[in-house]
Every structure is written in C-alpha cells, then in structure tokens.
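Novice: Mind looking over this structure? Questions follow.
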Amino acid sequence: MRQSQLFPKTKKEAPKDAESINHKLLVRAGFMDQLMAGSWTLLPMGFKVVQKINQIIREEINAVGGQEMLMPLLHPKTIWNETGRWDKADEIMYKLKDSRDKEYALSFTHEEIVMDLLRKTISSYKDLPVSIYHFSTKFRNELRAKSGILRGREFMMKDLYSAHANEVDLMEYYEKVKVAYSKIFTRLGFNFKIAKASGGVFTDKFTHEFQVLSDVGEDTIYWKEGDEEAVNEEVMEGDKAEYKSAKSIEVGNIFPLGTFYSERMRAYFTDRDGGKKPIWFGSYGIGPTRVMGTWVEVSHDDKGIIWSKQIAPYDVHLVELKSDSGEGKAEKIYDKLKQMGFDVLWDDRDVSAGEKFGDIDLIGIPVRLVVSDKTGDKIEHKERTSDKSELLSFEEVARRLQE
RNA sequence: CGGGGUGUAGUGAAUCGGUAUCACGUUACGUUCGGGACGUAAAGACACUGGGUUCAAUUCCCAGCACCCCGACCA
C-alpha cells in the first residue's frame, strides 16, 4: 500500500477528550474513528488488525471443530420471551419497534437464536455434538461507554455455541475450548490469566474469563502463586490477603450453560435409549475489537503503538528519504517484497523525514526499512521495539521477514 | 442515573460584555529532505442548540444536547 493513498491520514494531536491510551493512539494513527460514545468505525488499518485477530481465532476454533456461519442481528421479541431474557436482560438490550409496532431487539448475544436453530435441526443424539460460531456485531446498552474501544455499545464479537447430548460431553468440549482460547491469547502475545467468574445474565453457573493483566482493566482478579486458575473478585472466597491480585481486561469468556436454554425453548433430541432429552449447551465469546484496544493498552510507548508481527496491519513499513543519487530504490524494494507475498506499507509521500519517522513510530508496524543516500545498495532495517538499526542486503531483509 | 469536567475554523488552543486571535492542518508557488523544515500568498468560524439579562453576549444567567472522567452495571 502506498501511504499517499492510505485512508485516512494520521493526526498530530489526539481528540481533546481522549484520555485512554487506546483511544488516543488508535485515533491518531488512523485505525478507528468515533461516531458517538461507544460506537466506532474501524478504518482500513484498524479493520486489517481486527481481521488478523479474527483469523487467529478462526484457525483455533476451526481446530476444535467449530463451523463458521452468520446469524442475523435483528431479533423478534418473541424468541427472547421464551427464555425470559426480554425482561431479565432489559437493561442491556436495545429494543425497538417497527412502523406496525412489532417489537425487536438488536442482538446482544445469540443463545436464543442458536437454540431456535438447534430445535429445528437436531432430532437425534446422532446429530450431536454441534459447534457453530460467527463473527458479528453485538449491541449492548452499556450504562456508560468508556475507555476508547474497550467498552463500546456496539462492538465485534466472535461467539461460538456448542450443543451436546450430555453433560460430560459438554464439559469435555468446554475444556477443549478453554485450551483453544489459551492458544489464541498466547498466539496473540498476551500475558493473561484464566479466572473463574459468575455468569451475569447468561447463567447461574460458574464460567471462566480470559483476563489480560492491565491497570486500565475494570476487573480485579486474584490468584495464588503456582495456581493455574485465578478467580474474579466477584466470586472470590477466602482471605484476599493470601492472594496476589491485579487489574485486568476481560478479552474472552466461556460459559457452560447446561440445559437452561434448551428446556425453555424445547430443544430436545431423542437419545440412544429412546427418551427425549434437552440439549446440553455452551457459549464462548471473544471480542476482537476489545482485543485490539487491549493490545494497544499493553504495547505502546510515548511515540505510538507497538504491534506484534501477528496482528500488525502491515509486515513492513518502507520509506525512502530524498537522495541526490536519484529516487526509485524504494519502489523496486516495494515491488519485490510484494511479489514475495509481504504486506508492505510504503511511505511514498512528499513530506519531511521527521514526519515520516514520526508516523512510522505512531503506526507501529514491527519492521521499518529505510533507503537513502546513506544506505548505498543496502537497506536499513530497524525493529519497532529496538533503538538500533542495521544495514542489510535485500536478501537478508527478506530472510528476516520470513523468520 | 448520581457526581465532576469540557463544548470557539478540519484539529488543538487564546479571548471572558463592544461580532474572534494563534498554531498545526489545507490550497498555490518556490526552497528543502536522517526525527513532525522554511519563505511568500490564500481559503477556512452564525463561537453546540434554544431561551433570558443587556444599548450590545462567544463572554453573564437558565434549560437542553453532545463528548470525556468517577460511581452503579457489564464482552
């Protein structure tokens, strides 16, 4: 991508109201734009980051048998009445009426919708288990949107739903998803903990949250040295003094929902013994837009964002500084790297060196390549995380990028 | 929804009773080019909305709206 064509331009100053890091940096660097409180446009680079996050999630969910699909966001009131959540989740749901006074909800989750699908499609234990998911927008009427993209009223979510013939199978799958989630957040590069928590409007049972340690987090989790699992403050038993604690951002959660939904929505199947039994059900969510914001909160410096290779909007940021020996070096490198399959952002703008370097640090792509008079036939290679640069040949640069 | 803060060119700020100034950005031309460079010229604002006080309101008062922060609630 030629930076001269990249939409939009970076900003020198953050919006005056912005306080949180992800708000300031993601807006300044041109990754997102605010429409209103809690509602954000993902600009081209922000969308690329979210797609990369989604792809990592997709790979790991597919690896545990998840099948991707897409469900509607406009839901009839009747389906929410079946489980009582039209009233129980009243505070969080956006509700609306059409011109004939029919009532709808904007999706804040999809348990009821999946359950409707399952009762129409599952009739035998042979049809189970089922694991289906989608990436889509969630609407939640948050009392207060805040912290940039971390708590919006409209955000992207990957939600996975699984259906099983019995509790053992559900819990086995629940553990598999827990492992898959751990792989996802490990691949994403987070320092996270799995915390036991309550289920909110979803379930009365215990659940698990994936918590990234960060001072801007709204949750507080507690754990004992050596323990695999932490606990959320809300469900903690025992003496706090015996635990280590930290603020954290919840980036994912898993819910073993049991038969609550299937019983209320009459989603039964015929089991091996001929009897009708309710489907065992679980749901599992990750918020990719929150993941992006969380990444910025935990990975930045005073100059800008520091993306990891896994989710950076581009593999390389290439820049040529004006030279006496004539230009065109960068364009050749750009073409060659593209041919090799690298995603390159080439700053081809006619602006000062300082402005180019400023934007490079702000945008935060992991590798910076500079060519100029000083570099001769070599290329200056610098990583965003380092202050040092090296002069390398094109081949050496390409090899580094492939590592 | 309670408490606090802020609303002035695209962005960030100044003016704080006499109809608005600066910086950045933008446009044109020229000079520059290793950390947001310089010169010249130019465009760009019903001062959030509505009401009130006043000879006169961006400025004071009231109401509303919007955004941010703290709290209650939550991926």
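Identifiers for the structure tokens are assigned positionally: chains receive A, B, ... in sequence, residues are indexed from 1 per chain, and ligands are indexed from 1 in the order shown.
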Check every residue of chain A for an atom within 7 Å of chain B, counting only C-alpha atoms (C1' of nucleotides), and provide those that qualify as JSON, numbers by chain.

Specialist: {"A": [13, 17, 18, 142, 143, 287, 321, 322, 352, 353, 354, 355, 357, 358]}

Novice: Can you pull out the residues contacting region 145-160 of chain A? Cut-off 9 Å, using only C-alpha atoms (C1' of nucleotides), and skip same-chain residues under 3 positions away; I want them as a JSON list (two decimals) with N, CA and C atoms (P, O5', C5', C4', C3', O3' and C1' of nucleotides), in the first residue's frame.

Specialist:
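Produced file part.json, reproduced below:
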[["chain", "number", "residue", "atom", "x", "y", "z"],
["A", 18, "ALA", "N", -10.00, 12.65, 24.72],
["A", 18, "ALA", "CA", -9.46, 11.29, 24.86],
["A", 18, "ALA", "C", -8.48, 11.22, 26.01],
["A", 19, "GLU", "N", -8.70, 10.24, 26.89],
["A", 19, "GLU", "CA", -7.76, 10.03, 27.98],
["A", 19, "GLU", "C", -7.11, 8.66, 27.88],
["A", 20, "SER", "N", -7.89, 7.68, 27.47],
["A", 20, "SER", "CA", -7.31, 6.35, 27.45],
["A", 20, "SER", "C", -6.35, 6.20, 26.27],
["A", 21, "ILE", "N", -5.34, 5.40, 26.51],
["A", 21, "ILE", "CA", -4.26, 5.22, 25.53],
["A", 21, "ILE", "C", -4.79, 4.68, 24.20],
["A", 22, "ASN", "N", -5.66, 3.69, 24.28],
["A", 22, "ASN", "CA", -6.11, 3.10, 23.02],
["A", 22, "ASN", "C", -6.93, 4.10, 22.21],
["A", 23, "HIS", "N", -7.69, 4.93, 22.90],
["A", 23, "HIS", "CA", -8.46, 5.97, 22.23],
["A", 23, "HIS", "C", -7.52, 6.94, 21.50],
["A", 24, "LYS", "N", -6.54, 7.45, 22.25],
["A", 24, "LYS", "CA", -5.62, 8.44, 21.67],
["A", 24, "LYS", "C", -4.84, 7.87, 20.49],
["A", 26, "LEU", "N", -5.08, 4.92, 18.73],
["A", 26, "LEU", "CA", -5.76, 4.32, 17.58],
["A", 26, "LEU", "C", -6.43, 5.38, 16.71],
["A", 32, "MET", "N", -9.08, 3.95, 13.90],
["A", 32, "MET", "CA", -10.52, 4.00, 14.18],
["A", 32, "MET", "C", -11.00, 5.43, 14.33],
["A", 34, "GLN", "N", -14.43, 7.76, 15.95],
["A", 34, "GLN", "CA", -15.60, 7.68, 16.81],
["A", 34, "GLN", "C", -16.81, 8.33, 16.17],
["A", 37, "ALA", "N", -20.51, 8.15, 21.43],
["A", 37, "ALA", "CA", -19.99, 7.42, 22.58],
["A", 37, "ALA", "C", -20.24, 5.92, 22.40],
["A", 38, "GLY", "N", -19.19, 5.15, 22.44],
["A", 38, "GLY", "CA", -19.33, 3.70, 22.37],
["A", 38, "GLY", "C", -19.53, 3.14, 20.99],
["A", 39, "SER", "N", -19.30, 3.93, 19.97],
["A", 39, "SER", "CA", -19.57, 3.48, 18.61],
["A", 39, "SER", "C", -18.44, 3.93, 17.69],
["A", 40, "TRP", "N", -17.77, 2.98, 17.09],
["A", 40, "TRP", "CA", -16.53, 3.26, 16.37],
["A", 40, "TRP", "C", -16.52, 2.70, 14.97],
["A", 50, "VAL", "N", -8.07, -6.11, 13.06],
["A", 50, "VAL", "CA", -9.15, -6.95, 13.57],
["A", 50, "VAL", "C", -9.29, -8.22, 12.73],
["A", 54, "ASN", "N", -9.09, -11.91, 14.06],
["A", 54, "ASN", "CA", -10.16, -12.86, 13.73],
["A", 54, "ASN", "C", -9.61, -14.13, 13.11],
["A", 57, "ILE", "N", -8.22, -16.39, 15.73],
["A", 57, "ILE", "CA", -9.35, -17.00, 16.44],
["A", 57, "ILE", "C", -9.98, -18.10, 15.58],
["A", 58, "ARG", "N", -10.21, -17.76, 14.32],
["A", 58, "ARG", "CA", -10.85, -18.69, 13.38],
["A", 58, "ARG", "C", -10.07, -20.00, 13.27],
["A", 61, "ILE", "N", -10.49, -22.01, 16.51],
["A", 61, "ILE", "CA", -11.86, -22.50, 16.71],
["A", 61, "ILE", "C", -12.17, -23.60, 15.69],
["A", 66, "GLY", "N", -15.18, -26.07, 15.23],
["A", 66, "GLY", "CA", -16.17, -25.00, 15.03],
["A", 66, "GLY", "C", -16.44, -24.79, 13.55],
["A", 67, "GLN", "N", -17.71, -24.56, 13.23],
["A", 67, "GLN", "CA", -18.08, -24.28, 11.84],
["A", 67, "GLN", "C", -18.60, -22.85, 11.77],
["A", 68, "GLU", "N", -17.98, -22.06, 10.90],
["A", 68, "GLU", "CA", -18.33, -20.64, 10.84],
["A", 68, "GLU", "C", -19.58, -20.41, 10.02],
["A", 108, "PHE", "N", -27.63, -8.73, 21.39],
["A", 108, "PHE", "CA", -26.52, -8.52, 22.35],
["A", 108, "PHE", "C", -25.79, -9.82, 22.58],
["A", 109, "THR", "N", -26.37, -10.91, 22.07],
["A", 109, "THR", "CA", -25.78, -12.24, 22.10],
["A", 109, "THR", "C", -26.71, -13.12, 21.26],
["A", 110, "HIS", "N", -26.39, -14.42, 21.12],
["A", 110, "HIS", "CA", -27.18, -15.23, 20.20],
["A", 110, "HIS", "C", -27.65, -16.58, 20.75],
["A", 131, "SER", "N", -20.95, -27.62, 16.83],
["A", 131, "SER", "CA", -20.16, -26.46, 17.28],
["A", 131, "SER", "C", -20.17, -25.43, 16.16],
["A", 132, "ILE", "N", -20.85, -24.33, 16.41],
["A", 132, "ILE", "CA", -21.02, -23.31, 15.35],
["A", 132, "ILE", "C", -20.69, -21.94, 15.90],
["A", 133, "TYR", "N", -20.22, -21.07, 15.03],
["A", 133, "TYR", "CA", -19.84, -19.74, 15.50],
["A", 133, "TYR", "C", -19.96, -18.71, 14.40],
["A", 134, "HIS", "N", -19.92, -17.47, 14.81],
["A", 134, "HIS", "CA", -19.83, -16.40, 13.83],
["A", 134, "HIS", "C", -19.11, -15.19, 14.43],
["A", 135, "PHE", "N", -18.69, -14.33, 13.54],
["A", 135, "PHE", "CA", -18.15, -13.04, 13.94],
["A", 135, "PHE", "C", -19.23, -12.04, 13.57],
["A", 136, "SER", "N", -19.67, -11.25, 14.54],
["A", 136, "SER", "CA", -20.66, -10.24, 14.17],
["A", 136, "SER", "C", -20.71, -9.14, 15.21],
["A", 137, "THR", "N", -21.49, -8.15, 14.90],
["A", 137, "THR", "CA", -21.63, -7.01, 15.79],
["A", 137, "THR", "C", -22.55, -7.37, 16.95],
["A", 138, "LYS", "N", -22.18, -6.89, 18.13],
["A", 138, "LYS", "CA", -23.05, -7.02, 19.29],
["A", 138, "LYS", "C", -23.45, -5.62, 19.72],
["A", 139, "PHE", "N", -24.70, -5.49, 20.10],
["A", 139, "PHE", "CA", -25.19, -4.21, 20.61],
["A", 139, "PHE", "C", -25.47, -4.37, 22.10],
["A", 140, "ARG", "N", -24.90, -3.52, 22.90],
["A", 140, "ARG", "CA", -25.21, -3.57, 24.34],
["A", 140, "ARG", "C", -25.39, -2.17, 24.86],
["A", 141, "ASN", "N", -26.50, -2.00, 25.51],
["A", 141, "ASN", "CA", -26.82, -0.67, 26.03],
["A", 141, "ASN", "C", -26.07, -0.43, 27.33],
["A", 142, "GLU", "N", -24.79, -0.23, 27.19],
["A", 142, "GLU", "CA", -23.94, -0.01, 28.36],
["A", 142, "GLU", "C", -24.37, 1.28, 29.05],
["A", 216, "VAL", "N", -5.57, -0.58, 33.31],
["A", 216, "VAL", "CA", -6.79, 0.08, 32.85],
["A", 216, "VAL", "C", -7.98, -0.87, 32.90],
["A", 249, "ILE", "N", -8.23, -6.83, 32.02],
["A", 249, "ILE", "CA", -9.24, -6.60, 30.98],
["A", 249, "ILE", "C", -9.74, -7.96, 30.50],
["A", 282, "GLY", "N", -23.38, -24.76, 25.45],
["A", 282, "GLY", "CA", -22.33, -23.86, 25.97],
["A", 282, "GLY", "C", -22.13, -22.71, 25.00],
["A", 283, "SER", "N", -21.65, -21.58, 25.51],
["A", 283, "SER", "CA", -21.32, -20.48, 24.61],
["A", 283, "SER", "C", -19.98, -19.88, 25.02],
["A", 284, "TYR", "N", -19.32, -19.31, 24.02],
["A", 284, "TYR", "CA", -17.91, -18.93, 24.18],
["A", 284, "TYR", "C", -17.64, -17.66, 23.37],
["A", 285, "GLY", "N", -17.21, -16.60, 24.02],
["A", 285, "GLY", "CA", -17.05, -15.34, 23.29],
["A", 285, "GLY", "C", -15.66, -14.72, 23.39],
["A", 286, "ILE", "N", -15.29, -14.04, 22.32],
["A", 286, "ILE", "CA", -14.08, -13.20, 22.33],
["A", 286, "ILE", "C", -14.44, -11.92, 21.58],
["A", 287, "GLY", "N", -14.03, -10.79, 22.12],
["A", 287, "GLY", "CA", -14.29, -9.52, 21.46],
["A", 287, "GLY", "C", -13.05, -9.01, 20.72],
["A", 288, "PRO", "N", -12.98, -9.24, 19.42],
["A", 288, "PRO", "CA", -11.78, -8.84, 18.66],
["A", 288, "PRO", "C", -11.48, -7.35, 18.71],
["A", 289, "THR", "N", -12.51, -6.52, 18.73],
["A", 289, "THR", "CA", -12.23, -5.08, 18.80],
["A", 289, "THR", "C", -11.66, -4.72, 20.17],
["A", 290, "ARG", "N", -12.17, -5.36, 21.20],
["A", 290, "ARG", "CA", -11.59, -5.13, 22.52],
["A", 290, "ARG", "C", -10.17, -5.67, 22.57],
["A", 291, "VAL", "N", -9.94, -6.80, 21.90],
["A", 291, "VAL", "CA", -8.59, -7.36, 21.86],
["A", 291, "VAL", "C", -7.62, -6.34, 21.24],
["A", 292, "MET", "N", -8.07, -5.70, 20.17],
["A", 292, "MET", "CA", -7.20, -4.70, 19.53],
["A", 292, "MET", "C", -6.89, -3.56, 20.52],
["A", 293, "GLY", "N", -7.90, -3.06, 21.18],
["A", 293, "GLY", "CA", -7.70, -1.97, 22.14],
["A", 293, "GLY", "C", -6.83, -2.39, 23.31],
["A", 294, "THR", "N", -7.04, -3.62, 23.75],
["A", 294, "THR", "CA", -6.24, -4.14, 24.87],
["A", 294, "THR", "C", -4.77, -4.23, 24.46],
["B", 68, "C", "P", -17.16, 9.58, 24.92],
["B", 68, "C", "O5'", -16.17, 10.23, 25.98],
["B", 68, "C", "C5'", -14.81, 10.49, 25.63],
["B", 68, "C", "C4'", -14.13, 11.18, 26.79],
["B", 68, "C", "C3'", -14.21, 10.46, 28.12],
["B", 68, "C", "O3'", -13.24, 9.44, 28.23],
["B", 68, "C", "C1'", -14.75, 12.71, 28.44],
["B", 74, "C", "P", -23.42, -6.91, 36.51],
["B", 74, "C", "O5'", -23.47, -6.80, 34.91],
["B", 74, "C", "C5'", -22.80, -7.74, 34.11],
["B", 74, "C", "C4'", -22.49, -7.13, 32.77],
["B", 74, "C", "C3'", -21.13, -7.53, 32.21],
["B", 74, "C", "O3'", -21.20, -8.76, 31.51],
["B", 74, "C", "C1'", -21.32, -5.19, 32.11],
["B", 75, "A", "P", -19.82, -9.55, 31.02],
["B", 75, "A", "O5'", -19.71, -9.22, 29.46],
["B", 75, "A", "C5'", -20.27, -10.11, 28.52],
["B", 75, "A", "C4'", -19.25, -10.42, 27.46],
["B", 75, "A", "C3'", -17.82, -10.49, 27.99],
["B", 75, "A", "O3'", -17.09, -11.55, 27.46],
["B", 75, "A", "C1'", -17.99, -8.86, 26.29]]

Novice: Write out as a PyMOL selection string all residues of region 88-265 of chain A that DSSP puts in helix (DSSP H, G or I) for this structure's backbone.

Specialist: chain A and resi 88+111-121+125-127+167-188+233-235+240-242+260-264

Novice: Could you save the residues just selected, with N, CA and C atoms, as a tab-separated table (two decimals), in the first residue's frame?

Specialist:
chain	number	residue	atom	x	y	z
A	88	LYS	N	-35.40	-10.03	31.65
A	88	LYS	CA	-34.24	-10.17	32.53
A	88	LYS	C	-33.04	-9.36	32.03
A	111	GLU	N	-27.64	-16.76	22.05
A	111	GLU	CA	-28.06	-18.07	22.57
A	111	GLU	C	-29.44	-18.49	22.07
A	112	GLU	N	-30.40	-17.58	22.16
A	112	GLU	CA	-31.76	-17.90	21.76
A	112	GLU	C	-31.86	-18.22	20.26
A	113	ILE	N	-31.08	-17.48	19.49
A	113	ILE	CA	-31.13	-17.68	18.04
A	113	ILE	C	-30.53	-19.04	17.67
A	114	VAL	N	-29.44	-19.39	18.34
A	114	VAL	CA	-28.83	-20.69	18.09
A	114	VAL	C	-29.76	-21.80	18.55
A	115	MET	N	-30.38	-21.59	19.69
A	115	MET	CA	-31.28	-22.61	20.22
A	115	MET	C	-32.46	-22.85	19.29
A	116	ASP	N	-32.95	-21.79	18.70
A	116	ASP	CA	-34.04	-21.92	17.72
A	116	ASP	C	-33.58	-22.76	16.54
A	117	LEU	N	-32.36	-22.50	16.14
A	117	LEU	CA	-31.78	-23.24	15.02
A	117	LEU	C	-31.62	-24.71	15.38
A	118	LEU	N	-31.17	-24.96	16.59
A	118	LEU	CA	-30.92	-26.34	17.02
A	118	LEU	C	-32.22	-27.14	17.13
A	119	ARG	N	-33.26	-26.50	17.65
A	119	ARG	CA	-34.50	-27.26	17.82
A	119	ARG	C	-35.13	-27.60	16.47
A	120	LYS	N	-34.79	-26.82	15.46
A	120	LYS	CA	-35.31	-27.13	14.12
A	120	LYS	C	-34.47	-28.18	13.40
A	121	THR	N	-33.23	-28.35	13.86
A	121	THR	CA	-32.32	-29.19	13.09
A	121	THR	C	-31.84	-30.45	13.80
A	125	TYR	N	-29.49	-38.02	19.01
A	125	TYR	CA	-28.15	-37.91	19.60
A	125	TYR	C	-27.09	-38.03	18.52
A	126	LYS	N	-27.48	-38.65	17.39
A	126	LYS	CA	-26.54	-38.80	16.28
A	126	LYS	C	-26.23	-37.47	15.61
A	127	ASP	N	-27.11	-36.50	15.82
A	127	ASP	CA	-26.88	-35.17	15.23
A	127	ASP	C	-25.93	-34.32	16.08
A	167	GLU	N	-23.93	-33.95	29.70
A	167	GLU	CA	-23.10	-33.00	30.42
A	167	GLU	C	-21.62	-33.32	30.29
A	168	VAL	N	-21.30	-34.60	30.28
A	168	VAL	CA	-19.89	-34.99	30.20
A	168	VAL	C	-19.31	-34.48	28.88
A	169	ASP	N	-20.07	-34.67	27.81
A	169	ASP	CA	-19.58	-34.24	26.51
A	169	ASP	C	-19.44	-32.71	26.46
A	170	LEU	N	-20.41	-32.02	27.05
A	170	LEU	CA	-20.33	-30.56	27.10
A	170	LEU	C	-19.06	-30.13	27.85
A	171	MET	N	-18.84	-30.73	29.02
A	171	MET	CA	-17.70	-30.29	29.82
A	171	MET	C	-16.37	-30.66	29.19
A	172	GLU	N	-16.36	-31.76	28.47
A	172	GLU	CA	-15.12	-32.10	27.75
A	172	GLU	C	-14.84	-31.06	26.68
A	173	TYR	N	-15.91	-30.68	26.00
A	173	TYR	CA	-15.73	-29.67	24.95
A	173	TYR	C	-15.38	-28.31	25.56
A	174	TYR	N	-16.00	-28.03	26.68
A	174	TYR	CA	-15.70	-26.77	27.39
A	174	TYR	C	-14.20	-26.69	27.69
A	175	GLU	N	-13.64	-27.79	28.14
A	175	GLU	CA	-12.21	-27.81	28.42
A	175	GLU	C	-11.39	-27.65	27.14
A	176	LYS	N	-11.87	-28.23	26.06
A	176	LYS	CA	-11.17	-28.08	24.77
A	176	LYS	C	-11.16	-26.62	24.31
A	177	VAL	N	-12.31	-25.98	24.51
A	177	VAL	CA	-12.37	-24.57	24.11
A	177	VAL	C	-11.48	-23.74	25.02
A	178	LYS	N	-11.43	-24.11	26.28
A	178	LYS	CA	-10.55	-23.38	27.20
A	178	LYS	C	-9.10	-23.46	26.71
A	179	VAL	N	-8.71	-24.63	26.25
A	179	VAL	CA	-7.35	-24.80	25.71
A	179	VAL	C	-7.19	-24.00	24.42
A	180	ALA	N	-8.22	-24.05	23.57
A	180	ALA	CA	-8.16	-23.30	22.30
A	180	ALA	C	-8.02	-21.80	22.58
A	181	TYR	N	-8.77	-21.33	23.57
A	181	TYR	CA	-8.69	-19.91	23.92
A	181	TYR	C	-7.29	-19.56	24.43
A	182	SER	N	-6.74	-20.45	25.23
A	182	SER	CA	-5.39	-20.22	25.72
A	182	SER	C	-4.41	-20.12	24.56
A	183	LYS	N	-4.59	-20.98	23.57
A	183	LYS	CA	-3.73	-20.92	22.38
A	183	LYS	C	-3.90	-19.59	21.66
A	184	ILE	N	-5.15	-19.17	21.54
A	184	ILE	CA	-5.44	-17.91	20.84
A	184	ILE	C	-4.74	-16.74	21.53
A	185	PHE	N	-4.91	-16.65	22.84
A	185	PHE	CA	-4.33	-15.48	23.53
A	185	PHE	C	-2.81	-15.59	23.65
A	186	THR	N	-2.32	-16.81	23.63
A	186	THR	CA	-0.87	-17.00	23.58
A	186	THR	C	-0.33	-16.56	22.22
A	187	ARG	N	-1.01	-16.99	21.15
A	187	ARG	CA	-0.58	-16.59	19.81
A	187	ARG	C	-0.67	-15.08	19.65
A	188	LEU	N	-1.66	-14.49	20.27
A	188	LEU	CA	-1.81	-13.04	20.17
A	188	LEU	C	-0.73	-12.32	20.99
A	233	GLU	N	-12.85	-11.20	41.36
A	233	GLU	CA	-13.22	-10.64	42.65
A	233	GLU	C	-14.65	-11.01	43.04
A	234	GLU	N	-15.56	-11.00	42.03
A	234	GLU	CA	-16.99	-11.20	42.31
A	234	GLU	C	-17.32	-12.58	42.89
A	235	VAL	N	-16.48	-13.57	42.61
A	235	VAL	CA	-16.80	-14.91	43.13
A	235	VAL	C	-15.79	-15.39	44.17
A	240	LYS	N	-8.46	-12.42	51.08
A	240	LYS	CA	-7.77	-11.74	49.99
A	240	LYS	C	-6.27	-11.61	50.23
A	241	ALA	N	-5.92	-11.49	51.50
A	241	ALA	CA	-4.52	-11.26	51.83
A	241	ALA	C	-3.63	-12.42	51.38
A	242	GLU	N	-4.23	-13.59	51.19
A	242	GLU	CA	-3.43	-14.75	50.80
A	242	GLU	C	-3.19	-14.80	49.30
A	260	PHE	N	-30.50	-25.02	30.57
A	260	PHE	CA	-31.42	-23.90	30.85
A	260	PHE	C	-32.13	-23.43	29.58
A	261	TYR	N	-31.36	-23.16	28.55
A	261	TYR	CA	-31.93	-22.63	27.31
A	261	TYR	C	-32.74	-23.69	26.56
A	262	SER	N	-32.21	-24.90	26.49
A	262	SER	CA	-32.91	-25.92	25.71
A	262	SER	C	-34.24	-26.32	26.35
A	263	GLU	N	-34.28	-26.31	27.69
A	263	GLU	CA	-35.54	-26.67	28.34
A	263	GLU	C	-36.60	-25.60	28.10
A	264	ARG	N	-36.20	-24.34	28.21
A	264	ARG	CA	-37.17	-23.27	27.99
A	264	ARG	C	-37.60	-23.15	26.53

Novice: Go through A:Ile254, A:Ala230, A:Ile79, A:Leu392 one by one, measure the shortest atom-to-atom distance of each to Phe206 (chain A) using only C-alpha atoms, and give the residue with the smallest value.

Specialist: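 Counting only C-alpha atoms, the residue closest to Phe206 (chain A) is A:Ile254.
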
Novice: From a backbone DSSP assignment, name each residue in region 274-380 of chain A labelled strand (DSSP E), as a PyMOL selection string.

Specialist: chain A and resi 276-278+280-286+300-301+304-305+316-320+344-347+367-371+379-380

Novice: Which residues come within 10 Å of C16 (chain B), counting only C-alpha atoms (C1' of nucleotides), excluding same-chain residues fewer than 5 positions away, as a list in words?

Specialist: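 Near neighbours after the sequence-gap exclusion: U58, U59 and C60 of chain B.
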
Novice: Can those selected residues be exported to a file as a tab-separated table (two decimals), in the first residue's frame so that it contains C-alpha atoms (C1' of nucleotides)?

Specialist:
chain	number	residue	atom	x	y	z
B	58	U	C1'	-18.51	33.74	22.20
B	59	U	C1'	-18.20	36.11	27.03
B	60	C	C1'	-23.22	36.67	32.27

Novice: Quick one: everything within 12 Å of Glu237 (chain A), counting only C-alpha atoms (C1' of nucleotides), minus sequence neighbours fewer than 6 positions away in the same chain. Send it as a list in words.

Specialist: Lys196, Ala197, Tyr222, Trp223, Ala230, Val231 and Tyr243 of chain A

Novice: With C-alpha atoms retained, write the just-selected residues as a tab-separated table (two decimals), in the first residue's frame.

Specialist:
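Resulting contents of part_0.tsv:
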chain	number	residue	atom	x	y	z
A	196	LYS	CA	-13.33	-18.29	37.47
A	197	ALA	CA	-16.31	-15.96	37.43
A	222	TYR	CA	-6.85	-12.93	42.43
A	223	TRP	CA	-4.58	-15.93	42.31
A	230	ALA	CA	-7.32	-17.17	39.11
A	231	VAL	CA	-10.67	-16.02	40.44
A	243	TYR	CA	-3.68	-13.92	47.13

Novice: Looking at only C-alpha atoms (C1' of nucleotides), which of A:Pro15, A:Arg144, A:Tyr104, A:Tyr268 is the one that sits closest to G71 (chain B)?

Specialist: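 Comparing A:Pro15, A:Arg144, A:Tyr104, A:Tyr268 against G71 (chain B), the winner is A:Arg144.
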